[in-house]
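J.: This is upload03.cif (mmCIF, C-alpha atoms and all ligand atoms).
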data_target
loop_
_atom_site.label_atom_id
_atom_site.label_comp_id
_atom_site.auth_asym_id
_atom_site.auth_seq_id
_atom_site.Cartn_x
_atom_site.Cartn_y
_atom_site.Cartn_z
CA MET W 1 0.00 0.00 0.00
CA THR W 2 1.08 3.60 -0.58
CA ALA W 3 2.10 5.72 2.41
CA LEU W 4 0.04 8.84 3.05
CA LYS W 5 1.30 12.33 2.13
CA ALA W 6 0.79 15.24 4.57
CA ALA W 7 -1.80 17.82 3.48
CA PRO W 8 -0.19 21.14 2.43
CA ASN W 9 -0.13 23.78 5.19
CA LEU W 10 -2.44 26.74 4.66
CA GLN W 11 -0.18 29.78 4.97
CA ASN W 12 -0.52 33.15 6.69
CA ARG W 13 -3.23 32.24 9.20
CA PRO W 14 -3.25 34.42 12.33
CA LYS W 15 -2.60 32.29 15.43
CA GLY W 16 -5.92 33.13 17.16
CA VAL W 17 -7.93 32.10 14.11
CA ALA W 18 -6.02 28.82 13.94
CA ALA W 19 -6.91 28.09 17.59
CA VAL W 20 -10.63 28.76 17.01
CA GLU W 21 -10.56 26.66 13.86
CA GLN W 22 -8.91 23.85 15.79
CA GLN W 23 -11.71 23.99 18.37
CA ILE W 24 -14.38 23.90 15.65
CA ARG W 25 -12.59 21.09 13.85
CA LYS W 26 -12.65 19.09 17.09
CA GLN W 27 -16.37 19.80 17.60
CA VAL W 28 -17.18 18.85 14.00
CA LEU W 29 -15.06 15.68 13.94
CA ARG W 30 -16.71 14.59 17.19
CA LYS W 31 -20.04 14.51 15.35
CA LEU W 32 -18.92 11.44 13.41
CA THR W 33 -20.88 8.43 14.68
CA TYR W 34 -19.27 5.15 15.72
CA GLY W 35 -19.74 1.75 17.26
CA LEU W 36 -17.44 0.47 20.02
CA TYR W 37 -15.62 -2.82 19.65
CA VAL W 38 -13.08 -4.81 21.61
CA VAL W 39 -10.43 -5.82 19.10
CA THR W 40 -8.33 -8.76 20.28
CA ALA W 41 -5.27 -10.39 18.72
CA MET W 42 -2.93 -13.19 19.67
CA ASN W 43 0.28 -14.89 18.52
CA GLU W 44 2.30 -17.75 20.05
CA SER W 45 3.59 -15.66 22.94
CA GLN W 46 1.24 -12.71 23.48
CA ALA W 47 -2.40 -11.63 23.54
CA ALA W 48 -3.80 -8.10 23.43
CA GLY W 49 -7.18 -6.41 23.44
CA GLY W 50 -8.25 -2.79 23.09
CA THR W 51 -11.52 -0.89 22.81
CA ILE W 52 -11.64 0.70 19.38
CA ASN W 53 -14.14 3.00 17.67
CA TRP W 54 -12.19 3.84 14.51
CA LEU W 55 -13.38 0.75 12.64
CA SER W 56 -15.58 0.17 9.58
CA GLN W 57 -16.43 -2.35 6.88
CA ALA W 58 -14.57 -1.33 3.70
CA SER W 59 -15.47 -3.86 0.93
CA PHE W 60 -18.16 -6.48 0.18
CA GLN W 61 -16.05 -8.72 -2.03
CA PRO W 62 -13.72 -9.66 -0.51
CA PRO W 63 -15.26 -8.68 2.85
CA LEU W 64 -12.74 -6.16 4.19
CA ILE W 65 -12.64 -4.03 7.30
CA MET W 66 -10.37 -1.11 8.19
CA LEU W 67 -9.35 -0.01 11.65
CA ALA W 68 -7.01 2.65 13.00
CA VAL W 69 -4.80 1.49 15.87
CA LYS W 70 -2.63 3.67 18.11
CA LYS W 71 1.09 3.26 17.54
CA GLY W 72 2.87 1.87 20.59
CA SER W 73 -0.17 0.00 21.94
CA ASN W 74 0.08 -3.74 22.58
CA LEU W 75 -2.59 -4.28 19.96
CA HIS W 76 -0.54 -2.37 17.39
CA LYS W 77 2.53 -4.49 18.15
CA LEU W 78 0.61 -7.69 17.38
CA LEU W 79 -1.23 -6.41 14.30
CA GLU W 80 1.93 -5.07 12.66
CA GLN W 81 3.33 -8.61 13.01
CA GLY W 82 0.25 -9.88 11.15
CA ALA W 83 -1.40 -11.63 14.13
CA PRO W 84 -5.00 -12.80 13.51
CA LEU W 85 -7.60 -10.54 15.10
CA ALA W 86 -11.16 -10.72 16.34
CA VAL W 87 -13.62 -7.84 16.40
CA ASN W 88 -15.80 -8.43 19.47
CA ILE W 89 -19.07 -6.53 19.04
CA LEU W 90 -20.34 -5.24 22.38
CA GLY W 91 -23.99 -5.31 23.40
CA ALA W 92 -25.74 -2.02 24.24
CA ASP W 93 -25.56 -2.97 27.96
CA GLN W 94 -21.82 -3.80 27.94
CA LYS W 95 -20.24 -0.43 28.69
CA GLU W 96 -18.21 -2.03 31.50
CA VAL W 97 -16.58 -4.44 29.04
CA ALA W 98 -15.51 -1.47 26.89
CA GLU W 99 -14.04 0.19 30.01
CA ALA W 100 -12.04 -2.90 30.91
CA PHE W 101 -10.30 -2.74 27.52
CA PHE W 102 -9.27 0.92 27.76
CA ARG W 103 -6.57 -0.41 30.09
CA PRO W 104 -3.31 -2.00 28.84
CA SER W 105 -3.81 -5.66 27.94
CA GLN W 106 -3.17 -8.25 30.62
CA ARG W 107 -3.50 -11.92 29.84
CA GLU W 108 -4.00 -14.47 32.61
CA GLY W 109 -4.61 -18.01 31.36
CA ASN W 110 -7.64 -17.91 29.11
CA THR W 111 -8.65 -14.39 30.09
CA ILE W 112 -7.68 -10.93 28.81
CA ASN W 113 -8.32 -8.06 31.24
CA GLY W 114 -10.44 -10.47 33.29
CA TYR W 115 -12.68 -11.60 30.39
CA PRO W 116 -12.56 -15.28 29.32
CA PHE W 117 -11.92 -16.07 25.67
CA ARG W 118 -11.84 -19.08 23.39
CA VAL W 119 -9.52 -19.44 20.43
CA GLY W 120 -11.17 -19.06 17.02
CA VAL W 121 -10.33 -20.81 13.73
CA THR W 122 -7.68 -18.18 12.91
CA GLY W 123 -6.10 -18.33 16.37
CA ALA W 124 -7.66 -15.01 17.41
CA PRO W 125 -9.17 -14.77 20.93
CA ILE W 126 -12.99 -14.45 20.96
CA LEU W 127 -14.54 -13.06 24.14
CA ASP W 128 -17.26 -15.29 25.68
CA ALA W 129 -19.18 -12.24 26.96
CA VAL W 130 -20.02 -10.58 23.64
CA PRO W 131 -23.18 -11.17 21.54
CA ALA W 132 -21.25 -11.38 18.25
CA ALA W 133 -17.72 -11.41 16.89
CA PHE W 134 -15.83 -11.96 13.68
CA GLU W 135 -12.31 -13.04 12.89
CA ALA W 136 -10.12 -11.35 10.31
CA LEU W 137 -6.65 -11.59 8.82
CA ILE W 138 -4.47 -8.55 8.06
CA VAL W 139 -4.04 -7.95 4.32
CA GLY W 140 -2.37 -4.52 4.40
CA SER W 141 -1.63 -1.38 6.37
CA LEU W 142 -1.32 2.32 5.72
CA PRO W 143 1.11 4.26 7.91
CA GLY W 144 -0.10 7.76 8.59
CA GLY W 145 0.10 9.84 11.75
CA ASP W 146 -0.14 8.57 15.31
CA HIS W 147 -2.32 5.59 14.29
CA THR W 148 -1.82 2.91 11.62
CA ILE W 149 -4.75 1.98 9.38
CA PHE W 150 -4.93 -1.79 9.09
CA VAL W 151 -7.02 -3.51 6.44
CA ALA W 152 -8.16 -7.05 7.20
CA GLU W 153 -10.29 -9.69 5.50
CA VAL W 154 -13.20 -11.17 7.45
CA VAL W 155 -12.85 -14.96 7.41
CA GLU W 156 -15.24 -16.23 10.12
CA ALA W 157 -18.26 -14.82 11.98
CA HIS W 158 -19.82 -15.89 15.30
CA LEU W 159 -23.35 -14.99 16.44
CA HIS W 160 -23.80 -15.88 20.14
CA ARG W 161 -27.12 -14.04 20.60
CA ASP W 162 -29.06 -11.34 18.83
CA ALA W 163 -28.63 -8.08 20.78
CA PRO W 164 -28.49 -4.38 19.89
CA PRO W 165 -24.88 -3.13 19.64
CA LEU W 166 -23.20 -0.52 21.86
CA GLU W 167 -22.99 2.86 20.14
CA MET W 168 -20.36 5.45 21.01
CA TRP W 169 -22.78 8.40 21.16
CA ASP W 170 -24.85 6.72 23.90
CA THR W 171 -21.79 6.35 26.16
CA GLY W 172 -20.89 10.06 26.35
CA TRP W 173 -17.27 9.15 25.50
CA PHE W 174 -15.25 10.67 22.67
CA TYR W 175 -12.18 9.50 20.81
CA GLY W 176 -11.70 11.88 17.93
CA GLY W 177 -11.23 15.50 17.02
C1 LIG Y 201 -13.67 5.98 23.89
C2 LIG Y 201 -12.34 5.40 23.46
C3 LIG Y 201 -12.17 4.98 22.14
C4 LIG Y 201 -10.93 4.47 21.70
N1 LIG Y 201 -10.77 4.15 20.38
C5 LIG Y 201 -9.55 3.76 19.94
C6 LIG Y 201 -9.30 3.52 18.55
O1 LIG Y 201 -10.17 3.65 17.69
N2 LIG Y 201 -8.05 3.11 18.20
C7 LIG Y 201 -7.05 2.92 19.12
O2 LIG Y 201 -5.94 2.54 18.74
N3 LIG Y 201 -7.26 3.14 20.44
C8 LIG Y 201 -8.46 3.55 20.86
N4 LIG Y 201 -8.66 3.80 22.19
C9 LIG Y 201 -7.56 3.52 23.14
C10 LIG Y 201 -7.47 2.03 23.45
O3 LIG Y 201 -8.68 1.54 24.03
C11 LIG Y 201 -6.26 1.75 24.39
O4 LIG Y 201 -5.14 2.39 23.84
C12 LIG Y 201 -5.91 0.31 24.47
O5 LIG Y 201 -6.93 -0.39 25.08
C13 LIG Y 201 -4.62 0.14 25.27
O6 LIG Y 201 -4.34 -1.24 25.40
P1 LIG Y 201 -3.04 -1.94 24.73
O7 LIG Y 201 -1.85 -1.00 24.84
O8 LIG Y 201 -2.84 -3.18 25.55
O9 LIG Y 201 -3.37 -2.24 23.30
C14 LIG Y 201 -9.87 4.32 22.64
C15 LIG Y 201 -10.03 4.74 23.97
C16 LIG Y 201 -11.24 5.31 24.36
C17 LIG Y 201 -11.37 5.80 25.79
#
Step by step, read the file and then write its structure as structure tokens.
T.:
Amino acid sequence: MTALKAAPNLQNRPKGVAAVEQQIRKQVLRKLTYGLYVVTAMNESQAAGGTINWLSQASFQPPLIMLAVKKGSNLHKLLEQGAPLAVNILGADQKEVAEAFFRPSQREGNTINGYPFRVGVTGAPILDAVPAAFEALIVGSLPGGDHTIFVAEVVEAHLHRDAPPLEMWDTGWFYGG
């Protein structure tokens, strides 16, 4: 994949205007709507999980997703090595699960951050608690700023129960701007 180019700087903007524009940009970007997912990944020696909102489907055929993952996070370390991942879709009543995965990943036996998982067909950890999940394999990445955009192909889906998904707007949390 091609690396991103920085947008050209707009010249001669007074400092005060730039600050106001930055504030408006933040307000506007925070109006984007998102879901909240726990993305988990695992290789032979390590497992990681993080709550992510910068995630979307990106193609029907093949079924691709894209997600932006913070550089330096445990999740990033595994995904850049091409570890299989699972997108664990949280139920509307599972805010506390999202909170548990804001913290750095800690694996103990068959749990990550206290939540039990089973190993899927790709080797990715699937959380028992979630209503639905899918497994995906990394097919490319796009280095940009402080996050890397990973593209992955969906290879297996799991429906544990039919439940409405957790939506970012309903939580009062923001990650964006
Ligand atoms: C509301 C909210 C949304 C988040 N969304 C993302 C995201 O889209 N991408 C990301 O890399 N981190 C996101 N994070 C941060 C991760 O949850 C956090 O860095 C990660 O769980 C740290 O664990 P790790 O270092 O073990 O991977 C978000 C945090 C919050 C509070």
J.: Using only C-alpha atoms and all ligand atoms, pick whichever of W:Leu29, W:Ala100, W:Leu90, W:Ile138 has the shortest atom-to-atom distance to ligand LIG 201 (chain Y).
T.: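 When distances to ligand LIG 201 (chain Y) are compared using only C-alpha atoms and all ligand atoms, the smallest one comes from W:Ala100.
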J.: Identify which of the residues W:Arg30, W:Arg161, W:Arg25, W:Lys77 lies closest to ligand LIG 201 (chain Y), counting all atoms listed in the file when measuring atom-to-atom distances.
T.: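 Under the stated criterion, the closest residue is W:Lys77.
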J.: Can you work out which residues are within 6 Å of ligand LIG 201 (chain Y), considering all atoms listed in the file, and then hand them over as number ranges by chain?
T.: W: 48-54, 68-70, 73-75, 101-105, 173-175
J.: I need the chosen residues saved as a PDB file, in the coordinates of the input, with C-alpha atoms.
T.:
ATOM      1  CA  ALA W  48      -3.800  -8.100  23.430  1.00  0.00           C
ATOM      2  CA  GLY W  49      -7.180  -6.410  23.440  1.00  0.00           C
ATOM      3  CA  GLY W  50      -8.250  -2.790  23.090  1.00  0.00           C
ATOM      4  CA  THR W  51     -11.520  -0.890  22.810  1.00  0.00           C
ATOM      5  CA  ILE W  52     -11.640   0.700  19.380  1.00  0.00           C
ATOM      6  CA  ASN W  53     -14.140   3.000  17.670  1.00  0.00           C
ATOM      7  CA  TRP W  54     -12.190   3.840  14.510  1.00  0.00           C
ATOM      8  CA  ALA W  68      -7.010   2.650  13.000  1.00  0.00           C
ATOM      9  CA  VAL W  69      -4.800   1.490  15.870  1.00  0.00           C
ATOM     10  CA  LYS W  70      -2.630   3.670  18.110  1.00  0.00           C
ATOM     11  CA  SER W  73      -0.170   0.000  21.940  1.00  0.00           C
ATOM     12  CA  ASN W  74       0.080  -3.740  22.580  1.00  0.00           C
ATOM     13  CA  LEU W  75      -2.590  -4.280  19.960  1.00  0.00           C
ATOM     14  CA  PHE W 101     -10.300  -2.740  27.520  1.00  0.00           C
ATOM     15  CA  PHE W 102      -9.270   0.920  27.760  1.00  0.00           C
ATOM     16  CA  ARG W 103      -6.570  -0.410  30.090  1.00  0.00           C
ATOM     17  CA  PRO W 104      -3.310  -2.000  28.840  1.00  0.00           C
ATOM     18  CA  SER W 105      -3.810  -5.660  27.940  1.00  0.00           C
ATOM     19  CA  TRP W 173     -17.270   9.150  25.500  1.00  0.00           C
ATOM     20  CA  PHE W 174     -15.250  10.670  22.670  1.00  0.00           C
ATOM     21  CA  TYR W 175     -12.180   9.500  20.810  1.00  0.00           C
TER      22      TYR W 175
END
J.: Determine the nearest neighbour of Gly145 in chain W from the options W:Ala6, W:Leu36, W:Leu85, W:Ala92, counting all atoms listed in the file.
T.: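 Comparing W:Ala6, W:Leu36, W:Leu85, W:Ala92 against Gly145 in chain W, the winner is W:Ala6.
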J.: Identify which of the residues W:Gly91, W:Pro63, W:Gly72, W:Pro14 lies closest to Glu167 in chain W, counting all atoms listed in the file when measuring atom-to-atom distances.
T.: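 Of W:Gly91, W:Pro63, W:Gly72, W:Pro14, the one nearest Glu167 in chain W is W:Gly91, counting all atoms listed in the file.
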J.: So the first atom is CA of Met66 in chain W and the second is CA of Trp169 in chain W; what is the distance between them in Å, to one decimal place?
T.: 20.3 Å
J.: Residues near Pro116 in chain W, anyone? I mean within 10 Å using all atoms listed in the file, not counting same-chain ones fewer than 4 positions away, as number ranges by chain.
T.: W: 107-112, 125-129
J.: Find, counting all atoms listed in the file, the residue in W:Ala132, W:Ala58, W:Leu166, W:Asp93 that gets nearest to Glu153 in chain W.
T.: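 Using all atoms listed in the file, Glu153 in chain W sits closest to W:Ala58.
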J.: Kindly give the distance, in Å, that separates CA of Val38 in chain W and CA of Asn88 in chain W, rounded to a single decimal.
T.: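 Separating CA of Val38 in chain W from CA of Asn88 in chain W is a distance of 5.0 Å.
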J.: Using all atoms listed in the file, which of the listed residues (W:Phe150, W:Asn9, W:Phe60, W:Ile24) sits closest to Leu78 in chain W?
T.: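 Closest candidate: W:Phe150.
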J.: For the atom pair CA of Val119 in chain W and CA of Leu79 in chain W, what is the interatomic distance in Å to one decimal place?
T.: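 These two atoms are separated by 16.6 Å.
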J.: Please return the centre and edge lengths, in Å to one decimal, of a box with edges along x, y and z that contains all listed atoms of range 8-16 of chain W, widened by 6 Å on every side, as JSON.
T.:
{"center_x": -3.0, "center_y": 27.8, "center_z": 9.8, "size_x": 17.8, "size_y": 25.3, "size_z": 26.7}
J.: Please check which residues have atoms at most 9 Å from (-16.9, -9.4, 17.8) in the file's coordinates, counting only C-alpha atoms, and write them as number ranges by chain.
T.: W: 37-40, 86-90, 126-127, 130-135, 157-159
